[in-house]
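Please read the structure below before turning to the comments.
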Amino acid sequence: MGSEFGPFLIPDPTSGLDSVRPPVGMTTKRFEARNKLYEDLLSAGPLGDFGSDYQKESLKRSMEQAYILLNSPEAQAFDLSKEPKESYDKYNTSKFGQGCLLARRLIDQGARYITVTTEYEPFFGWDTHDNGHTRLKDMKKMIDSPIAQLITDLDESGKLDRTLVIVASEFSRDMLTEGRPGLKVKDQVEVPDIIEDMKNYGMHRHFTDGCSILMFGGGIKKGHVFGKTADERPCKSIENPIKIDSIHQTIYHALGISPETNYEIERRPFYTTPDGHGKVAFDLLKENPKV
C-alpha cells in the first residue's frame, strides 16, 4: 500500500509528543537541511533505481505528511499531560491504558487507523506458561477499565457509531492439550490429569480451534454473541465458526470498502481476502440484508 500507510510507532504513550517534534536543540534550519539530505539519499538508493513510481510517490507523501504533522495543532493530541486529571486517571492502569487514552485523543483529531498493543516479554505478561490464573487477574486490571472507558467516551461523544473498535489477541489456549484437535506432541513438562495446584492454571499449549474477539461500534450489533465453543476441552468451535478471512471481509464491509478492493504489488493484485472472495458475516451487523 506504500510507505504513507506504514505504522507510526510510539513505544511510550506518555512520551508521544516527542515522536512528532525534532530532538531538543535542533534548529528548524538544521532539520530542513537533514530532510533535504534524506530525500537526496533516497533518490540515489535502491528505491530510486528499482522502485515503482507509486512507491516513490508514496514515500515522498509520507515524508511530506510527517513534516506537516510537526507543526500542526493536531500534534497536541500526543501530549497526554493536557488530558484532565479525572479522565487521565481512568485510563492510567498501564501503558496499555495510556495507549487507549492516546487512541481516543487521536480519534478526536480525525486519525483513521490506530492499534494499541501490550508489551511482549518472553514468559511474562500474556505469556502465561505458569500461574496463569493469577496473571490473568492482574492483566484484566490493566485492560478492562481503559477499554470500557474508551467505548464509553466514544459513545458519549457520538463517535462510536462511526468508529469500529476490535479487541483481539492471537489464538486460543488450552491448559493440557496441544496442537490441533486429535493431534498431540511430546509434552515438555509433566501434565497432571486433574488440575489442583494453582500454578498449573495457564500451563497452556498452543491451540487454534477456538478463539474469540470483541467488536464495538461501526455498525456492529450491541450485546450480540456469534458462535459457540464447546464447554468441555478442547473447547473447539461447535457453532457458526468464522475464519479470519471472513472477519477481514466483514470489517471492510462495515467500513464501506468493496470486496474487490486490491493493491497492485509486484505487478499482481493483492486482495484483503483470498482473491477477494471472503464472505461477510452479516449476522454481526446491525443492518442485515438477509432479514
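If you're wondering about the labels, chains in the C-alpha cells are A, B, ... by order shown, residues count from 1 in each chain, ligands from 1 in order shown.
Near Leu80 of chain A, within 9 Å and counting only C-alpha atoms, sit Pro13, Thr14, Ser15, Gly16, Leu17, Tyr88, Gln98, Leu101, Leu102 and Arg105 of chain A; same-chain residues fewer than 6 positions away were not included.
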*Residues of segment 12-180 of chain A in strand (DSSP E or B) according to DSSP, as an MDAnalysis selection string?*
chainID A and resid 165:167 173:174
*Contacts of segment 55-68 of chain A within 9 Å, only C-alpha atoms, excl. fewer than 6 positions in-chain, as a list in words*: Met1, Gly2, Ser3, Glu4, Phe5, Gly6, Val20, Asn35, Glu39, Leu42, Ser43, Leu47 and Gly48 of chain A
What would the file look like if the residues just selected were written as a PDB file, in the first residue's frame with N, CA, C and O atoms?
```
ATOM      1  N   MET A   1       0.821  -1.215   0.000  1.00  0.00           N
ATOM      2  CA  MET A   1       0.000   0.000   0.000  1.00  0.00           C
ATOM      3  C   MET A   1       0.853   1.262   0.000  1.00  0.00           C
ATOM      4  O   MET A   1       0.338   2.360  -0.126  1.00  0.00           O
ATOM      5  N   GLY A   2       2.152   1.107   0.186  1.00  0.00           N
ATOM      6  CA  GLY A   2       3.011   2.282   0.146  1.00  0.00           C
ATOM      7  C   GLY A   2       3.437   2.749   1.524  1.00  0.00           C
ATOM      8  O   GLY A   2       2.788   2.461   2.534  1.00  0.00           O
ATOM      9  N   SER A   3       4.535   3.515   1.546  1.00  0.00           N
ATOM     10  CA  SER A   3       5.117   3.975   2.807  1.00  0.00           C
ATOM     11  C   SER A   3       4.187   4.875   3.596  1.00  0.00           C
ATOM     12  O   SER A   3       4.247   4.912   4.828  1.00  0.00           O
ATOM     13  N   GLU A   4       3.323   5.609   2.905  1.00  0.00           N
ATOM     14  CA  GLU A   4       2.447   6.551   3.616  1.00  0.00           C
ATOM     15  C   GLU A   4       1.458   5.841   4.529  1.00  0.00           C
ATOM     16  O   GLU A   4       0.879   6.463   5.429  1.00  0.00           O
ATOM     17  N   PHE A   5       1.246   4.533   4.319  1.00  0.00           N
ATOM     18  CA  PHE A   5       0.337   3.772   5.163  1.00  0.00           C
ATOM     19  C   PHE A   5       1.088   2.906   6.174  1.00  0.00           C
ATOM     20  O   PHE A   5       0.481   2.071   6.845  1.00  0.00           O
ATOM     21  N   GLY A   6       2.390   3.080   6.267  1.00  0.00           N
ATOM     22  CA  GLY A   6       3.178   2.310   7.218  1.00  0.00           C
ATOM     23  C   GLY A   6       2.907   2.741   8.649  1.00  0.00           C
ATOM     24  O   GLY A   6       2.367   3.824   8.903  1.00  0.00           O
ATOM     25  N   VAL A  20       6.716  13.500  17.541  1.00  0.00           N
ATOM     26  CA  VAL A  20       6.232  14.384  16.474  1.00  0.00           C
ATOM     27  C   VAL A  20       6.876  15.769  16.544  1.00  0.00           C
ATOM     28  O   VAL A  20       6.294  16.769  16.146  1.00  0.00           O
ATOM     29  N   ASN A  35      16.274  16.961   6.229  1.00  0.00           N
ATOM     30  CA  ASN A  35      15.164  16.427   5.434  1.00  0.00           C
ATOM     31  C   ASN A  35      15.529  16.418   3.953  1.00  0.00           C
ATOM     32  O   ASN A  35      15.232  15.453   3.235  1.00  0.00           O
ATOM     33  N   GLU A  39      16.041  13.118   1.353  1.00  0.00           N
ATOM     34  CA  GLU A  39      15.421  12.973   0.037  1.00  0.00           C
ATOM     35  C   GLU A  39      16.465  12.650  -1.024  1.00  0.00           C
ATOM     36  O   GLU A  39      16.231  11.830  -1.919  1.00  0.00           O
ATOM     37  N   LEU A  42      17.547   8.992  -0.702  1.00  0.00           N
ATOM     38  CA  LEU A  42      16.536   8.084  -1.231  1.00  0.00           C
ATOM     39  C   LEU A  42      16.603   8.013  -2.752  1.00  0.00           C
ATOM     40  O   LEU A  42      16.483   6.940  -3.346  1.00  0.00           O
ATOM     41  N   SER A  43      16.790   9.159  -3.378  1.00  0.00           N
ATOM     42  CA  SER A  43      16.861   9.198  -4.846  1.00  0.00           C
ATOM     43  C   SER A  43      18.062   8.422  -5.361  1.00  0.00           C
ATOM     44  O   SER A  43      18.009   7.817  -6.442  1.00  0.00           O
ATOM     45  N   LEU A  47      15.664   2.360  -3.963  1.00  0.00           N
ATOM     46  CA  LEU A  47      14.291   2.749  -4.297  1.00  0.00           C
ATOM     47  C   LEU A  47      14.271   3.664  -5.510  1.00  0.00           C
ATOM     48  O   LEU A  47      13.401   3.548  -6.376  1.00  0.00           O
ATOM     49  N   GLY A  48      15.269   4.549  -5.581  1.00  0.00           N
ATOM     50  CA  GLY A  48      15.341   5.449  -6.723  1.00  0.00           C
ATOM     51  C   GLY A  48      15.607   4.721  -8.021  1.00  0.00           C
ATOM     52  O   GLY A  48      15.107   5.100  -9.085  1.00  0.00           O
TER      53      GLY A  48
END
```
*Residues flagged alpha helix (DSSP H) by DSSP in segment 192-279 of chain A, as a PyMOL selection string*: chain A and resi 244-254
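Closest approach to Phe31 of chain A from the set A:Ile213, A:Leu70, A:Asp161, A:His224 is made by A:Leu70, with distances taken over only C-alpha atoms.
For the pair atom CA of Glu260 of chain A and atom CA of Thr272 of chain A, the separation is 8.6 Å.
Atom pair atom CA of Ile107 of chain A / atom CA of Ala75 of chain A has a distance of 12.3 Å (rounded to one decimal).
Proximity of A:Arg104, A:Leu285, A:Leu160, A:Ile257 to Glu83 of chain A, computed with only C-alpha atoms, is greatest for A:Arg104.
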*asked:* Show me, as a PyMOL selection string, the residues that have an atom within 12 Å of Arg267 of chain A when counting only C-alpha atoms, minus same-chain residues fewer than 4 positions from it.
replied: chain A and resi 52+54+262-263
*Neighbour list for Val116 of chain A as a VMD selection string, cut-off 12 Å, only C-alpha atoms, skip fewer than 5 positions in-chain*: chain A and resid 7 to 13 94 to 104 106 143 146 to 147 150 165 to 169
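Residues surrounding Arg162 of chain A within 10 Å are Leu154, Asp155, Gly217, Gly218, Gly219, Ala254 and Leu255 of chain A [only C-alpha atoms; sequence separation below 6 positions excluded].
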_Coordinates-based distance that separates atom CA of Thr115 of chain A from atom CA of Met142 of chain A (Å, one decimal)_ = 16.5 Å
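Of the residues listed (A:Glu266, A:Glu196, A:Asp144, A:Asp108), A:Glu266 shows the shortest atom-to-atom separation from Phe50 of chain A; distances use only C-alpha atoms.
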